[in-house]
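This report refers to the structure that appears directly beneath it.
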Amino acid sequence: MAEERRGKKRKYMAISLVVTVAIFWILFRFVSPQQVYDLLKGADRSAVLMFVALSFLMSFCRAWRYQMLLKLSGYSPHLFVVYLVVLVGNFFSDLLPARLGSLIYVFIITTRLGVPFGAAMSSFAVAFLFDMLSLAPLLILIAIGVGGGESISIGLIAGAGLVVAVVASLLLKYLPHLFDWLSNFVTRVRFLSEQKRQKFAHSFHASAAEIQKTLEAGVLTRVFLLSLVIRTIKYGAQYMFLFALLRPMGYEIATLSIPKVFLGISASETAAGVPFAGVGGFGIYEGTWALVFQLLGLSSDLATITGIAVHLCIQFWGYLLGAIALGILLLPALRTEEAPSFSGQARDHALWFYGKLAACLILLGLSFSFFER
C-alpha cells in the first residue's frame with residue numbers, strides 16, 4: 001500500500017512536470033525570456049510596492065478569519081502567530097494538487113500552537129469553502145462589469161458563479177456529515193492498527209462536532225463577507241502587479257478595466273488549482289492567462305509575457321515570505337503545548353467587526369485611487 005501511494009505521487013509529479021514543460025515550451029515559442037525580463041525590469045516601482053502592501057493586507061485578513069473561527073472552538077492563538085501560519089500556507093498551497101498543500105495550516109496549528117485537531121480542521125475546512133463561495137458573487141459582478149462581447153459571454157460567467165455558489169453551499173451544509181462518514185469509514189480501514197483507527201475516528205468526529213458548532217454560531221454572514229473581502233484584495237494585489245508592468249507602456253487605471261483583469265485572474269487562479277495543473281501551479285496558470293487576456297483585448301505577445309511575469313513574481317514573493325515565516329515559527333520560543341483558551345464572546349461587536357472590514361476596503365480603494373489622474 002505504501003509503495004502504491006509512492007507510485008501515485010511519482011506519477012502525479014511526472015504528469016505535472018510534463019504539463020509545466022509543455023505549456024512553457026508553447027508559450028516561449030511566441031515570446032522570449034529576455035522579453036519577460038525586460039518587462040519586469042521596467043515595472044513601475046510604486047505600483048509594485050502597492051502590490052506588496054495589498055498582499056500583506058490580504059494575509060492579515062486571512063489570519064483574522066482563522067482566529068475568529070478558532071475562537072468559536074474555544075482557542076485564541078496570538079494573531080501574529082496565526083499570520084505567520086497563513087504565510088507558510090501560501091508557500092505550500094501549490095505544492096500539492098487542488099491547493100491541498102494549504103493543509104500545512106492544520107499541521108502547524110496542531111503541532112506548534114497546540115490547537116486540537118478538530119478545531120484546527122474545522123477552521124481550515126470552513127475557511128476553504130467560504131473562499132470557494134466568495135468567488136460566486138464576484139463572478140456575477142465581473143460579468144456585469146465586463147458587459148459581454150463577441151468573445152466573452154456574460155451568461156457563461158454568471159452561470160459559473162451560480163454553479164460555484166450551489167456547490168459550495170451544499171458542501172458547507174453537509175460538511176459535518178462528511179467528517180462523520182470519514183470517522184466511521186476509517187474504523188474499517190484494515191491496514192491501520194486499531195490504535196490509529198480509533199485516533200483518526202476520534203479526530204474526524206471532533207472535526208464534525210466543531211464544524212457543526214461553527215455553522216450554528218451565527219457568524220456565517222461575517223465569515224462570508226470577510227472571505228469576499230479577502231478574495232477582492234487578492235485580485236486587487238495581482239491587478240496592481242499587472243498595472244506595474246503595463247504602466248510604463250502608457251496604461252492607467254482608467255484604461256485597464258478592473259472587471260476584465262479580475263476575470264483573467266480568476267480564470268487563471270481556478271485553472272492553477274486543478275489536479276495536474278503543473279509544478280507549483282506553473283504552466284496552466286500562464287496558459288489560461290494568455291488565452292483569457294487575448295479574448296479580453298490584449299495582444300498575443302503582451303498577454304503571454306504578462307502571464308509569465310505576474311505568476312513568476314507573485315509565486316516568488318509568496319515563497320520568500322513563507323520561508324521567512326516558517327523559520328520564525330520553528331523557533332522554540334513560539335512552540336506552545338496548549339493553545340490559549342478562549343471563553344469570552346467569540347463574536348466581535350458589530351461596530352468593531354464591520355469597522356475593520358470597512359477599513360480594509362478603504363485601504364484597497366485608496367491603493368487604486370493613488371494612481372488615478
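Letters A, B, ... go to the chains of the C-alpha cells in the order shown; residues in each chain start at 1; ligands are counted from 1 in the same order.
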
Would you kindly return, as a ChimeraX atom specification, each protein, DNA or RNA residue with an atom no farther than 7 Å from any atom of region 297-311 of chain A, considering only C-alpha atoms and excluding same-chain residues fewer than 2 positions away? /A:27,30-31,36,40,241-242,286,289-290,293-295,313-315

Would you mind exporting the chosen residues as a CSV table (one decimal), in the first residue's frame, restricted to all heavy atoms?
chain,number,residue,atom,x,y,z
A,27,LEU,N,4.5,28.5,-24.9
A,27,LEU,CA,4.5,30.0,-24.6
A,27,LEU,C,5.8,30.6,-25.2
A,27,LEU,O,5.7,31.7,-25.8
A,27,LEU,CB,4.3,30.3,-23.1
A,27,LEU,CG,3.0,29.9,-22.5
A,27,LEU,CD1,3.0,30.2,-21.0
A,27,LEU,CD2,1.8,30.7,-23.2
A,30,PHE,N,6.4,31.9,-28.7
A,30,PHE,CA,5.8,33.2,-29.1
A,30,PHE,C,6.6,34.4,-28.5
A,30,PHE,O,6.6,35.5,-29.0
A,30,PHE,CB,4.3,33.3,-28.8
A,30,PHE,CG,3.5,32.2,-29.4
A,30,PHE,CD1,3.2,31.0,-28.8
A,30,PHE,CD2,3.1,32.4,-30.7
A,30,PHE,CE1,2.4,30.1,-29.4
A,30,PHE,CE2,2.3,31.4,-31.4
A,30,PHE,CZ,2.0,30.2,-30.7
A,31,VAL,N,7.2,34.2,-27.3
A,31,VAL,CA,7.9,35.2,-26.6
A,31,VAL,C,9.2,34.6,-26.1
A,31,VAL,O,9.4,33.4,-26.0
A,31,VAL,CB,7.1,35.8,-25.4
A,31,VAL,CG1,5.8,36.4,-25.9
A,31,VAL,CG2,6.9,34.8,-24.3
A,36,VAL,N,10.4,38.8,-21.1
A,36,VAL,CA,9.9,38.8,-19.8
A,36,VAL,C,10.7,39.6,-18.8
A,36,VAL,O,10.2,40.4,-18.0
A,36,VAL,CB,9.7,37.3,-19.3
A,36,VAL,CG1,9.2,37.3,-17.9
A,36,VAL,CG2,8.8,36.5,-20.2
A,40,LEU,N,9.8,43.0,-16.6
A,40,LEU,CA,9.9,43.0,-15.1
A,40,LEU,C,10.9,44.2,-14.7
A,40,LEU,O,10.7,44.9,-13.7
A,40,LEU,CB,10.4,41.7,-14.6
A,40,LEU,CG,9.5,40.5,-14.6
A,40,LEU,CD1,10.2,39.2,-14.3
A,40,LEU,CD2,8.3,40.8,-13.7
A,241,PHE,N,0.0,44.4,-9.6
A,241,PHE,CA,1.3,44.0,-10.2
A,241,PHE,C,1.2,44.0,-11.7
A,241,PHE,O,2.2,44.5,-12.3
A,241,PHE,CB,1.7,42.6,-9.7
A,241,PHE,CG,3.1,42.3,-10.0
A,241,PHE,CD1,4.1,42.6,-9.0
A,241,PHE,CD2,3.5,41.7,-11.1
A,241,PHE,CE1,5.4,42.3,-9.2
A,241,PHE,CE2,4.9,41.4,-11.4
A,241,PHE,CZ,5.8,41.7,-10.4
A,242,LEU,N,0.1,43.6,-12.3
A,242,LEU,CA,-0.1,43.7,-13.7
A,242,LEU,C,0.0,45.2,-14.1
A,242,LEU,O,0.7,45.5,-15.1
A,242,LEU,CB,-1.4,43.1,-14.1
A,242,LEU,CG,-1.8,43.3,-15.6
A,242,LEU,CD1,-0.8,42.6,-16.5
A,242,LEU,CD2,-3.2,42.8,-15.9
A,286,GLU,N,-0.2,30.3,-16.6
A,286,GLU,CA,0.2,31.1,-17.7
A,286,GLU,C,-0.6,30.9,-19.0
A,286,GLU,O,-0.9,31.9,-19.7
A,286,GLU,CB,1.7,30.9,-18.0
A,286,GLU,CG,2.6,31.5,-16.9
A,286,GLU,CD,2.7,30.6,-15.7
A,286,GLU,OE1,2.1,29.5,-15.7
A,286,GLU,OE2,3.4,30.9,-14.7
A,289,TRP,N,-4.0,32.4,-18.5
A,289,TRP,CA,-3.9,33.9,-18.5
A,289,TRP,C,-3.8,34.4,-20.0
A,289,TRP,O,-4.4,35.3,-20.4
A,289,TRP,CB,-2.7,34.3,-17.7
A,289,TRP,CG,-2.4,35.7,-17.6
A,289,TRP,CD1,-1.9,36.5,-18.6
A,289,TRP,CD2,-2.5,36.6,-16.5
A,289,TRP,NE1,-1.8,37.8,-18.2
A,289,TRP,CE2,-2.1,37.9,-16.9
A,289,TRP,CE3,-2.9,36.4,-15.2
A,289,TRP,CZ2,-2.1,39.0,-16.0
A,289,TRP,CZ3,-2.9,37.4,-14.3
A,289,TRP,CH2,-2.5,38.7,-14.7
A,290,ALA,N,-2.9,33.8,-20.7
A,290,ALA,CA,-2.6,34.2,-22.1
A,290,ALA,C,-3.9,34.1,-22.9
A,290,ALA,O,-4.2,35.0,-23.7
A,290,ALA,CB,-1.5,33.4,-22.7
A,293,PHE,N,-6.7,36.7,-21.5
A,293,PHE,CA,-6.4,38.1,-21.8
A,293,PHE,C,-6.4,38.4,-23.2
A,293,PHE,O,-6.6,39.6,-23.6
A,293,PHE,CB,-5.1,38.5,-21.1
A,293,PHE,CG,-5.3,38.9,-19.6
A,293,PHE,CD1,-5.2,38.0,-18.6
A,293,PHE,CD2,-5.6,40.2,-19.3
A,293,PHE,CE1,-5.4,38.3,-17.3
A,293,PHE,CE2,-5.8,40.6,-18.0
A,293,PHE,CZ,-5.7,39.6,-17.0
A,294,GLN,N,-6.1,37.5,-24.1
A,294,GLN,CA,-6.2,37.7,-25.5
A,294,GLN,C,-7.7,37.9,-25.9
A,294,GLN,O,-8.0,38.8,-26.7
A,294,GLN,CB,-5.7,36.6,-26.3
A,294,GLN,CG,-4.1,36.5,-26.4
A,294,GLN,CD,-3.6,35.4,-27.2
A,294,GLN,OE1,-3.9,35.3,-28.4
A,294,GLN,NE2,-2.9,34.5,-26.5
A,295,LEU,N,-8.6,37.1,-25.3
A,295,LEU,CA,-10.0,37.3,-25.5
A,295,LEU,C,-10.5,38.7,-25.0
A,295,LEU,O,-11.5,39.2,-25.5
A,295,LEU,CB,-10.8,36.2,-24.8
A,295,LEU,CG,-10.6,34.8,-25.4
A,295,LEU,CD1,-11.4,33.8,-24.5
A,295,LEU,CD2,-11.0,34.7,-26.8
A,313,CYS,N,6.5,36.3,-10.3
A,313,CYS,CA,6.8,37.2,-9.2
A,313,CYS,C,5.9,37.0,-8.0
A,313,CYS,O,6.4,37.1,-6.9
A,313,CYS,CB,6.8,38.6,-9.7
A,313,CYS,SG,8.2,39.0,-10.8
A,314,ILE,N,4.6,36.8,-8.2
A,314,ILE,CA,3.8,36.6,-7.1
A,314,ILE,C,4.1,35.3,-6.4
A,314,ILE,O,4.0,35.2,-5.1
A,314,ILE,CB,2.3,36.7,-7.4
A,314,ILE,CG1,1.9,35.6,-8.4
A,314,ILE,CG2,2.0,38.1,-7.9
A,314,ILE,CD1,0.4,35.6,-8.7
A,315,GLN,N,4.5,34.3,-7.1
A,315,GLN,CA,4.9,33.0,-6.5
A,315,GLN,C,6.2,33.2,-5.7
A,315,GLN,O,6.3,32.7,-4.6
A,315,GLN,CB,5.0,31.9,-7.6
A,315,GLN,CG,3.7,31.4,-8.2
A,315,GLN,CD,2.9,30.7,-7.1
A,315,GLN,OE1,2.1,31.3,-6.4
A,315,GLN,NE2,3.0,29.4,-7.1

Mind running region 242-327 of chain A against region 55-59 of chain A at 10 Å and telling me each contacting residue's nearest atom pair with the distance in Å (one decimal), counting only C-alpha atoms, chain and number ascending, as JSON lines?
{"residue": "A:Ile314", "atom": "CA", "partner": "A:Ser55", "partner_atom": "CA", "distance": 9.3}
{"residue": "A:Trp317", "atom": "CA", "partner": "A:Ser55", "partner_atom": "CA", "distance": 9.3}
{"residue": "A:Gly318", "atom": "CA", "partner": "A:Ser55", "partner_atom": "CA", "distance": 9.1}
{"residue": "A:Leu321", "atom": "CA", "partner": "A:Phe56", "partner_atom": "CA", "distance": 9.9}

Take the residues just selected and output them with all heavy atoms as a PDB file, in the first residue's frame.
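Result file result_22.pdb:
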ATOM      1  N   ILE A 314       4.644  36.784  -8.233  1.00  0.00           N
ATOM      2  CA  ILE A 314       3.791  36.609  -7.054  1.00  0.00           C
ATOM      3  C   ILE A 314       4.110  35.280  -6.357  1.00  0.00           C
ATOM      4  O   ILE A 314       4.027  35.187  -5.127  1.00  0.00           O
ATOM      5  CB  ILE A 314       2.294  36.705  -7.406  1.00  0.00           C
ATOM      6  CG1 ILE A 314       1.863  35.614  -8.387  1.00  0.00           C
ATOM      7  CG2 ILE A 314       1.953  38.078  -7.927  1.00  0.00           C
ATOM      8  CD1 ILE A 314       0.364  35.613  -8.665  1.00  0.00           C
ATOM      9  N   TRP A 317       7.366  35.885  -4.431  1.00  0.00           N
ATOM     10  CA  TRP A 317       7.066  36.680  -3.238  1.00  0.00           C
ATOM     11  C   TRP A 317       6.436  35.807  -2.149  1.00  0.00           C
ATOM     12  O   TRP A 317       6.792  35.899  -0.975  1.00  0.00           O
ATOM     13  CB  TRP A 317       6.138  37.835  -3.624  1.00  0.00           C
ATOM     14  CG  TRP A 317       5.655  38.676  -2.480  1.00  0.00           C
ATOM     15  CD1 TRP A 317       4.377  38.827  -2.043  1.00  0.00           C
ATOM     16  CD2 TRP A 317       6.457  39.516  -1.631  1.00  0.00           C
ATOM     17  NE1 TRP A 317       4.309  39.690  -0.996  1.00  0.00           N
ATOM     18  CE2 TRP A 317       5.581  40.130  -0.710  1.00  0.00           C
ATOM     19  CE3 TRP A 317       7.821  39.785  -1.561  1.00  0.00           C
ATOM     20  CZ2 TRP A 317       6.022  41.013   0.266  1.00  0.00           C
ATOM     21  CZ3 TRP A 317       8.273  40.663  -0.581  1.00  0.00           C
ATOM     22  CH2 TRP A 317       7.383  41.262   0.320  1.00  0.00           C
ATOM     23  N   GLY A 318       5.498  34.950  -2.548  1.00  0.00           N
ATOM     24  CA  GLY A 318       4.878  34.049  -1.580  1.00  0.00           C
ATOM     25  C   GLY A 318       5.864  33.064  -0.981  1.00  0.00           C
ATOM     26  O   GLY A 318       5.839  32.793   0.223  1.00  0.00           O
ATOM     27  N   LEU A 321       8.217  35.026   1.559  1.00  0.00           N
ATOM     28  CA  LEU A 321       7.558  35.293   2.840  1.00  0.00           C
ATOM     29  C   LEU A 321       7.299  34.005   3.607  1.00  0.00           C
ATOM     30  O   LEU A 321       7.457  33.953   4.837  1.00  0.00           O
ATOM     31  CB  LEU A 321       6.237  36.029   2.604  1.00  0.00           C
ATOM     32  CG  LEU A 321       6.306  37.469   2.115  1.00  0.00           C
ATOM     33  CD1 LEU A 321       4.903  38.051   1.983  1.00  0.00           C
ATOM     34  CD2 LEU A 321       7.133  38.322   3.073  1.00  0.00           C
TER      35      LEU A 321
END

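Nearest residue to Met68 (chain A), choosing from A:Gln345, A:Gln212, A:Gln35, A:Ser257 and counting only C-alpha atoms: A:Gln345.
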
Which region 257-312 of chain A residues have any atom within 12 Å of an atom of region 226-235 of chain A, and for each, what is the nearest pair of atoms with distance in Å to one decimal, counting only C-alpha atoms, rows sorted by chain and number, as a Markdown table?
| residue | atom | partner | partner_atom | distance |
| --- | --- | --- | --- | --- |
| A:Ile258 | CA | A:Tyr235 | CA | 9.5 |
| A:Pro259 | CA | A:Tyr235 | CA | 10.3 |
| A:Lys260 | CA | A:Tyr235 | CA | 11.3 |
| A:Val261 | CA | A:Tyr235 | CA | 8.6 |
| A:Phe262 | CA | A:Tyr235 | CA | 6.2 |
| A:Leu263 | CA | A:Tyr235 | CA | 9.4 |
| A:Gly264 | CA | A:Tyr235 | CA | 9.8 |
| A:Ile265 | CA | A:Tyr235 | CA | 6.7 |
| A:Ser266 | CA | A:Tyr235 | CA | 7.7 |
| A:Ala267 | CA | A:Tyr235 | CA | 11.2 |
| A:Ser268 | CA | A:Tyr235 | CA | 11.1 |
| A:Glu269 | CA | A:Tyr235 | CA | 9.6 |
| A:Val310 | CA | A:Tyr235 | CA | 11.9 |

Which parts of region 45-163 of chain A does DSSP call alpha helix (DSSP H) when run on the backbone here, written out as a ChimeraX atom specification? /A:45-72,79-92,104-111,117-146,154-163

8 Å contact set for region 83-88 of chain A, only C-alpha atoms, chain neighbours under 4 positions out, as an MDAnalysis selection string: chainID A and resid 59:60 62:63 79 92 104:105 108:109 318 321:323 325:326 328:329

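Our summary of the geometry notes that CA of Leu182 (chain A) is positioned 8.8 Å from CA of Phe200 (chain A).
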
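For the choices A:Val189, A:Ile211, A:Met249, A:Ala119, the atom-to-atom distance to Pro176 (chain A) is smallest for A:Ile211 when using only C-alpha atoms.
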
Could you name the residues that touch Ser367 (chain A) at 12 Å or less, counting only C-alpha atoms, but leaving out those on the same chain fewer than 2 positions away, as a ChimeraX atom specification? /A:46-55,57,233,236-237,239-241,243,253,360-365,369-372

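Close contacts of Tyr75 (chain A), defined as residues with an atom at most 8 Å away when counting only C-alpha atoms, with chain neighbours fewer than 4 positions off set aside, comprise A:Leu70, A:Lys71, A:Val115, A:Ala339, A:Pro340, A:Ser341, A:Phe342.
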
Go ahead and dump the residues you just picked, C-alpha atoms, as an mmCIF file, in the first residue's frame.
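The result, written out as selection.cif:
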data_model
loop_
_atom_site.group_PDB
_atom_site.id
_atom_site.type_symbol
_atom_site.label_atom_id
_atom_site.label_comp_id
_atom_site.auth_asym_id
_atom_site.auth_seq_id
_atom_site.Cartn_x
_atom_site.Cartn_y
_atom_site.Cartn_z
ATOM 1 C CA LEU A 70 -10.725 29.237 16.261
ATOM 2 C CA LYS A 71 -12.348 31.396 18.950
ATOM 3 C CA VAL A 115 -4.755 23.567 18.973
ATOM 4 C CA ALA A 339 -3.142 26.942 22.784
ATOM 5 C CA PRO A 340 -4.502 29.775 24.945
ATOM 6 C CA SER A 341 -8.124 29.027 25.734
ATOM 7 C CA PHE A 342 -10.863 31.483 24.950
#

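If you look at CA of Ile284 (chain A) and CA of Ala272 (chain A), they are 5.8 Å away from each other.
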